[in-house]
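S.K.: PDB, C-alpha atoms, saved as run.pdb, coming up:
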```pdb
ATOM      1  CA  MET A 250     -42.996 -71.641-126.663  1.00  0.00           C
ATOM      2  CA  VAL A 251     -46.428 -70.004-126.795  1.00  0.00           C
ATOM      3  CA  VAL A 252     -44.834 -66.656-126.003  1.00  0.00           C
ATOM      4  CA  GLU A 253     -42.471 -67.163-128.920  1.00  0.00           C
ATOM      5  CA  TRP A 254     -45.334 -67.802-131.352  1.00  0.00           C
ATOM      6  CA  VAL A 255     -47.251 -64.773-130.044  1.00  0.00           C
ATOM      7  CA  THR A 256     -44.127 -62.652-130.475  1.00  0.00           C
ATOM      8  CA  VAL A 257     -43.666 -63.821-134.072  1.00  0.00           C
ATOM      9  CA  GLY A 258     -47.353 -63.142-134.751  1.00  0.00           C
ATOM     10  CA  LEU A 259     -47.059 -59.610-133.367  1.00  0.00           C
ATOM     11  CA  LEU A 260     -43.938 -58.992-135.461  1.00  0.00           C
ATOM     12  CA  LEU A 261     -45.666 -60.157-138.656  1.00  0.00           C
ATOM     13  CA  ALA A 262     -48.849 -58.182-137.851  1.00  0.00           C
ATOM     14  CA  GLY A 263     -46.886 -54.989-137.164  1.00  0.00           C
ATOM     15  CA  THR A 264     -44.892 -55.369-140.376  1.00  0.00           C
ATOM     16  CA  PHE A 265     -48.099 -55.993-142.341  1.00  0.00           C
ATOM     17  CA  PHE A 266     -49.845 -52.902-140.926  1.00  0.00           C
ATOM     18  CA  MET A 267     -46.853 -50.667-141.632  1.00  0.00           C
ATOM     19  CA  LEU A 268     -46.629 -51.945-145.207  1.00  0.00           C
ATOM     20  CA  VAL A 269     -50.370 -51.306-145.658  1.00  0.00           C
ATOM     21  CA  ALA A 270     -49.921 -47.769-144.300  1.00  0.00           C
ATOM     22  CA  SER A 271     -47.164 -46.978-146.770  1.00  0.00           C
ATOM     23  CA  ILE A 272     -49.123 -48.464-149.683  1.00  0.00           C
ATOM     24  CA  GLY A 273     -52.099 -46.354-148.596  1.00  0.00           C
ATOM     25  CA  VAL A 274     -50.036 -43.183-148.423  1.00  0.00           C
ATOM     26  CA  VAL A 275     -48.996 -43.722-152.051  1.00  0.00           C
ATOM     27  CA  ARG A 276     -52.393 -44.842-153.397  1.00  0.00           C
ATOM     28  CA  MET A 277     -54.915 -42.659-151.525  1.00  0.00           C
ATOM     29  CA  PRO A 278     -56.306 -39.741-153.555  1.00  0.00           C
ATOM     30  CA  ASP A 279     -56.062 -36.754-151.177  1.00  0.00           C
ATOM     31  CA  VAL A 280     -54.157 -35.643-148.091  1.00  0.00           C
ATOM     32  CA  TYR A 281     -56.988 -36.301-145.617  1.00  0.00           C
ATOM     33  CA  LEU A 282     -57.378 -39.930-146.699  1.00  0.00           C
ATOM     34  CA  ARG A 283     -53.604 -40.401-146.643  1.00  0.00           C
ATOM     35  CA  MET A 284     -53.572 -39.104-143.087  1.00  0.00           C
ATOM     36  CA  SER A 285     -56.066 -41.753-142.037  1.00  0.00           C
ATOM     37  CA  CYS A 286     -53.515 -44.385-143.152  1.00  0.00           C
ATOM     38  CA  THR A 287     -50.556 -42.931-141.293  1.00  0.00           C
ATOM     39  CA  SER A 288     -52.384 -42.106-138.075  1.00  0.00           C
ATOM     40  CA  LYS A 289     -54.139 -45.469-137.645  1.00  0.00           C
ATOM     41  CA  ALA A 290     -52.386 -48.282-139.505  1.00  0.00           C
ATOM     42  CA  ALA A 291     -48.814 -47.094-138.921  1.00  0.00           C
ATOM     43  CA  THR A 292     -49.434 -46.433-135.220  1.00  0.00           C
ATOM     44  CA  LEU A 293     -50.984 -49.880-134.777  1.00  0.00           C
ATOM     45  CA  GLY A 294     -48.002 -51.418-136.577  1.00  0.00           C
ATOM     46  CA  GLY A 295     -45.511 -49.608-134.360  1.00  0.00           C
ATOM     47  CA  MET A 296     -47.380 -50.660-131.232  1.00  0.00           C
ATOM     48  CA  CYS A 297     -47.392 -54.299-132.408  1.00  0.00           C
ATOM     49  CA  LEU A 298     -43.628 -54.271-133.006  1.00  0.00           C
ATOM     50  CA  LEU A 299     -42.850 -52.615-129.663  1.00  0.00           C
ATOM     51  CA  THR A 300     -45.186 -55.008-127.828  1.00  0.00           C
ATOM     52  CA  ALA A 301     -43.362 -57.905-129.508  1.00  0.00           C
ATOM     53  CA  TYR A 302     -40.096 -56.488-128.192  1.00  0.00           C
ATOM     54  CA  ALA A 303     -41.554 -56.178-124.691  1.00  0.00           C
ATOM     55  CA  LEU A 304     -42.818 -59.789-124.814  1.00  0.00           C
ATOM     56  CA  GLN A 305     -39.423 -61.060-125.920  1.00  0.00           C
ATOM     57  CA  HIS A 306     -37.725 -59.282-122.992  1.00  0.00           C
ATOM     58  CA  VAL A 307     -40.503 -59.768-120.454  1.00  0.00           C
ATOM     59  CA  SER A 308     -38.009 -61.079-117.872  1.00  0.00           C
ATOM     60  CA  ASP A 309     -36.084 -57.776-117.968  1.00  0.00           C
ATOM     61  CA  ALA A 310     -38.546 -55.254-116.515  1.00  0.00           C
ATOM     62  CA  GLY A 311     -36.507 -52.197-117.508  1.00  0.00           C
ATOM     63  CA  LEU A 312     -36.529 -53.077-121.216  1.00  0.00           C
ATOM     64  CA  ALA A 313     -40.153 -54.209-121.282  1.00  0.00           C
ATOM     65  CA  VAL A 314     -41.410 -51.062-119.563  1.00  0.00           C
ATOM     66  CA  ARG A 315     -39.390 -48.847-121.899  1.00  0.00           C
ATOM     67  CA  ALA A 316     -40.854 -50.574-124.951  1.00  0.00           C
ATOM     68  CA  ILE A 317     -44.406 -50.340-123.592  1.00  0.00           C
ATOM     69  CA  ALA A 318     -43.884 -46.664-122.693  1.00  0.00           C
ATOM     70  CA  THR A 319     -42.753 -45.920-126.244  1.00  0.00           C
ATOM     71  CA  ALA A 320     -45.831 -47.734-127.610  1.00  0.00           C
ATOM     72  CA  VAL A 321     -48.145 -45.737-125.336  1.00  0.00           C
ATOM     73  CA  PHE A 322     -46.404 -42.509-126.370  1.00  0.00           C
ATOM     74  CA  LEU A 323     -46.977 -43.372-130.045  1.00  0.00           C
ATOM     75  CA  MET A 324     -50.633 -44.073-129.332  1.00  0.00           C
ATOM     76  CA  LEU A 325     -51.101 -40.768-127.473  1.00  0.00           C
ATOM     77  CA  THR A 326     -49.303 -38.479-129.927  1.00  0.00           C
ATOM     78  CA  ALA A 327     -50.443 -39.850-133.318  1.00  0.00           C
ATOM     79  CA  PRO A 328     -54.003 -38.445-133.107  1.00  0.00           C
ATOM     80  CA  VAL A 329     -52.758 -35.042-131.905  1.00  0.00           C
ATOM     81  CA  ALA A 330     -50.226 -34.755-134.726  1.00  0.00           C
ATOM     82  CA  ALA A 331     -52.767 -35.915-137.325  1.00  0.00           C
ATOM     83  CA  HIS A 332     -55.329 -33.422-136.049  1.00  0.00           C
ATOM     84  CA  MET A 333     -52.882 -30.504-136.214  1.00  0.00           C
ATOM     85  CA  ILE A 334     -51.609 -31.311-139.688  1.00  0.00           C
ATOM     86  CA  GLY A 335     -55.144 -31.935-140.942  1.00  0.00           C
ATOM     87  CA  ARG A 336     -56.326 -28.584-139.613  1.00  0.00           C
ATOM     88  CA  ALA A 337     -53.339 -26.851-141.215  1.00  0.00           C
ATOM     89  CA  ALA A 338     -54.029 -28.610-144.535  1.00  0.00           C
ATOM     90  CA  TYR A 339     -57.715 -27.607-144.450  1.00  0.00           C
ATOM     91  CA  ARG A 340     -56.906 -23.977-143.711  1.00  0.00           C
ATOM     92  CA  LEU A 341     -54.227 -23.987-146.402  1.00  0.00           C
ATOM     93  CA  GLY A 342     -57.014 -24.941-148.825  1.00  0.00           C
ATOM     94  CA  VAL A 343     -55.782 -28.366-149.911  1.00  0.00           C
ATOM     95  CA  PRO A 344     -58.684 -29.668-152.045  1.00  0.00           C
ATOM     96  CA  LEU A 345     -60.742 -32.699-151.089  1.00  0.00           C
ATOM     97  CA  TRP A 346     -60.921 -35.680-153.411  1.00  0.00           C
ATOM     98  CA  VAL A 347     -63.647 -35.156-156.042  1.00  0.00           C
ATOM     99  CA  GLY A 348     -65.379 -38.337-154.829  1.00  0.00           C
ATOM    100  CA  SER A 349     -65.762 -37.042-151.237  1.00  0.00           C
ATOM    101  CA  CYS A 350     -69.422 -36.853-150.281  1.00  0.00           C
ATOM    102  CA  CYS A 351     -69.469 -33.630-148.254  1.00  0.00           C
ATOM    103  CA  ASP A 352     -67.450 -30.986-146.438  1.00  0.00           C
ATOM    104  CA  ASP A 353     -68.996 -30.266-143.058  1.00  0.00           C
ATOM    105  CA  LEU A 354     -66.310 -27.696-142.190  1.00  0.00           C
ATOM    106  CA  LYS A 355     -67.124 -25.462-145.188  1.00  0.00           C
ATOM    107  CA  GLY A 356     -67.788 -21.952-143.913  1.00  0.00           C
ATOM    108  CA  ALA A 357     -67.376 -22.963-140.280  1.00  0.00           C
ATOM    109  CA  TYR A 358     -64.051 -21.165-139.773  1.00  0.00           C
ATOM    110  CA  SER A 359     -64.126 -17.392-139.265  1.00  0.00           C
ATOM    111  CA  ALA A 360     -62.261 -15.145-141.722  1.00  0.00           C
ATOM    112  CA  ASP A 361     -59.097 -15.020-139.586  1.00  0.00           C
ATOM    113  CA  GLY A 362     -59.361 -18.760-138.958  1.00  0.00           C
ATOM    114  CA  ASN A 363     -59.132 -18.495-135.176  1.00  0.00           C
ATOM    115  CA  THR A 364     -62.700 -19.424-134.243  1.00  0.00           C
ATOM    116  CA  LEU A 365     -64.684 -22.451-135.344  1.00  0.00           C
ATOM    117  CA  ARG A 366     -68.447 -21.921-135.506  1.00  0.00           C
ATOM    118  CA  SER A 367     -70.590 -24.966-134.949  1.00  0.00           C
ATOM    119  CA  GLN A 368     -73.450 -25.543-137.334  1.00  0.00           C
ATOM    120  CA  PRO A 369     -77.013 -26.569-136.549  1.00  0.00           C
ATOM    121  CA  ALA A 370     -77.474 -30.319-136.721  1.00  0.00           C
ATOM    122  CA  VAL A 371     -80.405 -29.854-139.127  1.00  0.00           C
ATOM    123  CA  ALA A 372     -78.199 -28.178-141.758  1.00  0.00           C
ATOM    124  CA  VAL A 373     -75.590 -30.927-141.510  1.00  0.00           C
ATOM    125  CA  ALA A 374     -78.266 -33.633-141.826  1.00  0.00           C
ATOM    126  CA  GLU A 375     -79.704 -31.908-144.932  1.00  0.00           C
ATOM    127  CA  ARG A 376     -76.295 -31.801-146.575  1.00  0.00           C
ATOM    128  CA  HIS A 377     -75.922 -35.531-145.991  1.00  0.00           C
ATOM    129  CA  GLY A 378     -79.246 -36.094-147.744  1.00  0.00           C
ATOM    130  CA  GLN A 379     -81.082 -37.452-144.719  1.00  0.00           C
ATOM    131  CA  PRO A 380     -84.517 -36.356-143.506  1.00  0.00           C
TER     132      PRO A 380
ATOM    133  CA  MET B   3     -36.773 -68.080-134.675  1.00  0.00           C
ATOM    134  CA  ILE B   4     -37.701 -64.575-133.546  1.00  0.00           C
ATOM    135  CA  GLN B   5     -34.308 -63.275-134.639  1.00  0.00           C
ATOM    136  CA  THR B   6     -34.679 -64.952-138.033  1.00  0.00           C
ATOM    137  CA  VAL B   7     -38.131 -63.448-138.573  1.00  0.00           C
ATOM    138  CA  ALA B   8     -36.936 -60.006-137.457  1.00  0.00           C
ATOM    139  CA  LEU B   9     -33.880 -60.109-139.697  1.00  0.00           C
ATOM    140  CA  TRP B  10     -35.381 -61.645-142.854  1.00  0.00           C
ATOM    141  CA  VAL B  11     -39.022 -60.506-142.773  1.00  0.00           C
ATOM    142  CA  VAL B  12     -39.478 -57.393-140.612  1.00  0.00           C
ATOM    143  CA  LEU B  13     -36.456 -55.381-141.707  1.00  0.00           C
ATOM    144  CA  PRO B  14     -36.749 -55.967-145.511  1.00  0.00           C
ATOM    145  CA  VAL B  15     -40.505 -55.336-145.606  1.00  0.00           C
ATOM    146  CA  LEU B  16     -40.184 -52.178-143.515  1.00  0.00           C
ATOM    147  CA  SER B  17     -37.416 -50.978-145.839  1.00  0.00           C
ATOM    148  CA  VAL B  18     -39.814 -51.379-148.771  1.00  0.00           C
ATOM    149  CA  ALA B  19     -42.407 -49.422-146.762  1.00  0.00           C
ATOM    150  CA  VAL B  20     -39.917 -46.574-146.236  1.00  0.00           C
ATOM    151  CA  LEU B  21     -39.175 -46.523-149.974  1.00  0.00           C
ATOM    152  CA  LEU B  22     -42.906 -46.259-150.772  1.00  0.00           C
ATOM    153  CA  SER B  23     -43.236 -43.356-148.320  1.00  0.00           C
ATOM    154  CA  VAL B  24     -40.256 -41.619-149.920  1.00  0.00           C
ATOM    155  CA  VAL B  25     -42.175 -41.777-153.222  1.00  0.00           C
ATOM    156  CA  ARG B  26     -44.979 -39.752-151.618  1.00  0.00           C
ATOM    157  CA  LEU B  27     -42.435 -37.433-149.998  1.00  0.00           C
ATOM    158  CA  ALA B  28     -40.983 -36.723-153.452  1.00  0.00           C
ATOM    159  CA  ILE B  29     -44.189 -36.332-155.487  1.00  0.00           C
ATOM    160  CA  GLY B  30     -46.703 -35.217-152.837  1.00  0.00           C
ATOM    161  CA  PRO B  31     -48.403 -32.226-154.440  1.00  0.00           C
ATOM    162  CA  SER B  32     -48.882 -30.096-151.304  1.00  0.00           C
ATOM    163  CA  LEU B  33     -46.750 -29.340-148.259  1.00  0.00           C
ATOM    164  CA  PRO B  34     -49.065 -31.241-145.842  1.00  0.00           C
ATOM    165  CA  ASP B  35     -48.670 -34.328-148.073  1.00  0.00           C
ATOM    166  CA  ARG B  36     -44.923 -34.218-147.544  1.00  0.00           C
ATOM    167  CA  VAL B  37     -45.301 -33.675-143.790  1.00  0.00           C
ATOM    168  CA  VAL B  38     -47.611 -36.719-143.583  1.00  0.00           C
ATOM    169  CA  ALA B  39     -45.060 -38.789-145.530  1.00  0.00           C
ATOM    170  CA  LEU B  40     -42.246 -37.617-143.214  1.00  0.00           C
ATOM    171  CA  ASP B  41     -44.352 -38.521-140.163  1.00  0.00           C
ATOM    172  CA  LEU B  42     -44.950 -41.992-141.616  1.00  0.00           C
ATOM    173  CA  ILE B  43     -41.234 -42.453-142.327  1.00  0.00           C
ATOM    174  CA  THR B  44     -40.290 -41.719-138.711  1.00  0.00           C
ATOM    175  CA  THR B  45     -43.061 -43.990-137.394  1.00  0.00           C
ATOM    176  CA  ILE B  46     -41.733 -46.792-139.604  1.00  0.00           C
ATOM    177  CA  GLY B  47     -38.277 -45.852-138.292  1.00  0.00           C
ATOM    178  CA  VAL B  48     -39.444 -46.659-134.761  1.00  0.00           C
ATOM    179  CA  GLY B  49     -40.575 -50.064-136.063  1.00  0.00           C
ATOM    180  CA  ILE B  50     -37.245 -50.620-137.819  1.00  0.00           C
ATOM    181  CA  VAL B  51     -35.372 -49.794-134.615  1.00  0.00           C
ATOM    182  CA  ALA B  52     -37.510 -52.272-132.646  1.00  0.00           C
ATOM    183  CA  GLY B  53     -36.887 -54.915-135.318  1.00  0.00           C
ATOM    184  CA  ALA B  54     -33.145 -54.247-135.351  1.00  0.00           C
ATOM    185  CA  ALA B  55     -32.989 -54.413-131.551  1.00  0.00           C
ATOM    186  CA  LEU B  56     -34.626 -57.853-131.780  1.00  0.00           C
ATOM    187  CA  ALA B  57     -32.537 -59.075-134.724  1.00  0.00           C
ATOM    188  CA  TRP B  58     -29.134 -58.201-133.308  1.00  0.00           C
ATOM    189  CA  GLU B  59     -29.914 -58.404-129.547  1.00  0.00           C
ATOM    190  CA  GLN B  60     -28.950 -54.788-128.957  1.00  0.00           C
ATOM    191  CA  PRO B  61     -31.189 -53.416-126.162  1.00  0.00           C
ATOM    192  CA  PRO B  62     -29.679 -49.891-126.229  1.00  0.00           C
ATOM    193  CA  LEU B  63     -31.257 -49.421-129.669  1.00  0.00           C
ATOM    194  CA  LEU B  64     -34.646 -49.143-127.966  1.00  0.00           C
ATOM    195  CA  ASP B  65     -33.701 -45.692-126.638  1.00  0.00           C
ATOM    196  CA  VAL B  66     -33.162 -44.597-130.224  1.00  0.00           C
ATOM    197  CA  GLY B  67     -36.762 -45.599-130.939  1.00  0.00           C
ATOM    198  CA  THR B  68     -38.069 -43.568-128.002  1.00  0.00           C
ATOM    199  CA  VAL B  69     -36.167 -40.464-129.082  1.00  0.00           C
ATOM    200  CA  LEU B  70     -37.293 -40.975-132.693  1.00  0.00           C
ATOM    201  CA  ALA B  71     -40.946 -41.066-131.579  1.00  0.00           C
ATOM    202  CA  LEU B  72     -40.485 -37.849-129.551  1.00  0.00           C
ATOM    203  CA  VAL B  73     -38.743 -36.012-132.392  1.00  0.00           C
ATOM    204  CA  SER B  74     -41.343 -37.218-134.900  1.00  0.00           C
ATOM    205  CA  PHE B  75     -44.192 -35.773-132.836  1.00  0.00           C
ATOM    206  CA  LEU B  76     -42.431 -32.455-132.256  1.00  0.00           C
ATOM    207  CA  ALA B  77     -41.492 -32.139-135.936  1.00  0.00           C
ATOM    208  CA  THR B  78     -45.065 -32.744-137.087  1.00  0.00           C
ATOM    209  CA  VAL B  79     -46.473 -30.222-134.601  1.00  0.00           C
ATOM    210  CA  ALA B  80     -43.820 -27.675-135.599  1.00  0.00           C
ATOM    211  CA  PHE B  81     -44.605 -28.142-139.304  1.00  0.00           C
ATOM    212  CA  ALA B  82     -48.329 -27.700-138.632  1.00  0.00           C
ATOM    213  CA  ARG B  83     -47.698 -24.462-136.686  1.00  0.00           C
ATOM    214  CA  TYR B  84     -45.373 -23.293-139.463  1.00  0.00           C
ATOM    215  CA  ILE B  85     -47.985 -23.893-142.164  1.00  0.00           C
ATOM    216  CA  GLU B  86     -50.712 -22.118-140.178  1.00  0.00           C
ATOM    217  CA  ARG B  87     -48.461 -19.144-139.386  1.00  0.00           C
ATOM    218  CA  GLY B  88     -47.674 -18.845-143.090  1.00  0.00           C
ATOM    219  CA  ILE B  89     -51.399 -18.640-143.860  1.00  0.00           C
ATOM    220  CA  ARG B  90     -51.914 -15.914-141.270  1.00  0.00           C
ATOM    221  CA  SER B  91     -49.054 -13.728-142.523  1.00  0.00           C
ATOM    222  CA  TRP B  92     -50.221 -14.110-146.126  1.00  0.00           C
ATOM    223  CA  SER B  93     -53.775 -13.058-145.256  1.00  0.00           C
ATOM    224  CA  SER B  94     -52.549 -10.060-143.221  1.00  0.00           C
ATOM    225  CA  ASN B  95     -50.286  -8.935-146.068  1.00  0.00           C
ATOM    226  CA  GLY B  96     -52.870  -9.298-148.792  1.00  0.00           C
TER     227      GLY B  96
END
```
Before we go any further, please render this structure as structure tokens.

M.R.:
Amino acid sequence: MVVEWVTVGLLLAGTFFMLVASIGVVRMPDVYLRMSCTSKAATLGGMCLLTAYALQHVSDAGLAVRAIATAVFLMLTAPVAAHMIGRAAYRLGVPLWVGSCCDDLKGAYSADGNTLRSQPAVAVAERHGQP
Amino acid sequence: MIQTVALWVVLPVLSVAVLLSVVRLAIGPSLPDRVVALDLITTIGVGIVAGAALAWEQPPLLDVGTVLALVSFLATVAFARYIERGIRSWSSNG
């Protein structure tokens, strides 16, 4: 009985997070903010739904382990995919939202884009307006 | 009760979520916007498959979800490589 309620709660939570992710991807002002919706909220939603499936079939180890493995795979690959597409978008020159406070990557890539130069912490702190 | 929730709450709401993502896929001003929307659609697809497997008691559907997650990751990585390679060839030509 408790397991059933937990399963229903996980189902509703996963559905809610996925709906929030899709609303965010429509409403957010630039590609980097949209990516933060898809890589966090949607992944959490998928993990909730798959965990609910595993809980429902907890007596059948084969099904439960497959569902958990898929959830873990989602959790491992979402940050990698978001990082790669974000890097490609930045190098393509997709503009930041006008309300963004600062661009710490500006000038950090070499001309051919293959090396990333780190910047002194003092310069970054100055750009953020801190002492 | 779980089947009722999966059939009447999870699947309809996730369908609405897919429709919202398709809006971004259609209007998204840049190519990375569309790739992000496509990635979101396949992630929601994994959720839909899990919900359908619960609603209709069809365990084999779970394998579809696993393959969808794999293909989604590979597609996003391939699109990112494609976009970056395009940048490099443009800069070497010009």

S.K.: I need the output of the PyMOL selection byres ((chain B) within 7 of (chain A)) for this file as a short mmCIF file (atom, residue, chain, number, x, y, z; two decimals) with C-alpha atoms, in the coordinates of the input; which residues are they?

M.R.:
```cif
data_model
loop_
_atom_site.label_atom_id
_atom_site.label_comp_id
_atom_site.auth_asym_id
_atom_site.auth_seq_id
_atom_site.Cartn_x
_atom_site.Cartn_y
_atom_site.Cartn_z
CA ILE B 4 -37.70 -64.58 -133.55
CA VAL B 12 -39.48 -57.39 -140.61
CA VAL B 15 -40.51 -55.34 -145.61
CA LEU B 16 -40.18 -52.18 -143.51
CA ALA B 19 -42.41 -49.42 -146.76
CA LEU B 22 -42.91 -46.26 -150.77
CA SER B 23 -43.24 -43.36 -148.32
CA ARG B 26 -44.98 -39.75 -151.62
CA PRO B 34 -49.06 -31.24 -145.84
CA ASP B 35 -48.67 -34.33 -148.07
CA VAL B 38 -47.61 -36.72 -143.58
CA LEU B 42 -44.95 -41.99 -141.62
CA THR B 45 -43.06 -43.99 -137.39
CA ILE B 46 -41.73 -46.79 -139.60
CA VAL B 48 -39.44 -46.66 -134.76
CA GLY B 49 -40.58 -50.06 -136.06
CA ALA B 52 -37.51 -52.27 -132.65
CA LEU B 56 -34.63 -57.85 -131.78
CA THR B 68 -38.07 -43.57 -128.00
CA ALA B 71 -40.95 -41.07 -131.58
CA PHE B 75 -44.19 -35.77 -132.84
CA THR B 78 -45.06 -32.74 -137.09
CA VAL B 79 -46.47 -30.22 -134.60
CA ALA B 82 -48.33 -27.70 -138.63
CA ILE B 85 -47.98 -23.89 -142.16
CA GLU B 86 -50.71 -22.12 -140.18
CA ILE B 89 -51.40 -18.64 -143.86
#
```

S.K.: Which residue gives the smallest distance to Ala8 in chain B among B:Val37, B:Val51, B:Leu72, B:Val20, with only C-alpha atoms counted?

M.R.: B:Val51

S.K.: Could you state the separation of CA of Val7 in chain B and CA of Leu40 in chain B in Å, given to one decimal place?

M.R.: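 One can read the CA of Val7 in chain B to CA of Leu40 in chain B distance as 26.6 Å.
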
S.K.: Using only C-alpha atoms, determine which residues lie at most 8 Å from Val24 in chain B, disregarding the query and same-chain residues fewer than 3 positions distant; provide the list as number ranges by chain.

M.R.: B: 20-21, 27-28, 39, 43

S.K.: Just the number, please: distance in Å from CA of Ser74 in chain B to CA of Arg36 in chain B, one decimal.

M.R.: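 We find that CA of Ser74 in chain B and CA of Arg36 in chain B lie 13.5 Å from each other.
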
S.K.: Just give me the gap between CA of Tyr358 in chain A and CA of Arg87 in chain B in Å, one decimal is fine.

M.R.: 15.7 Å
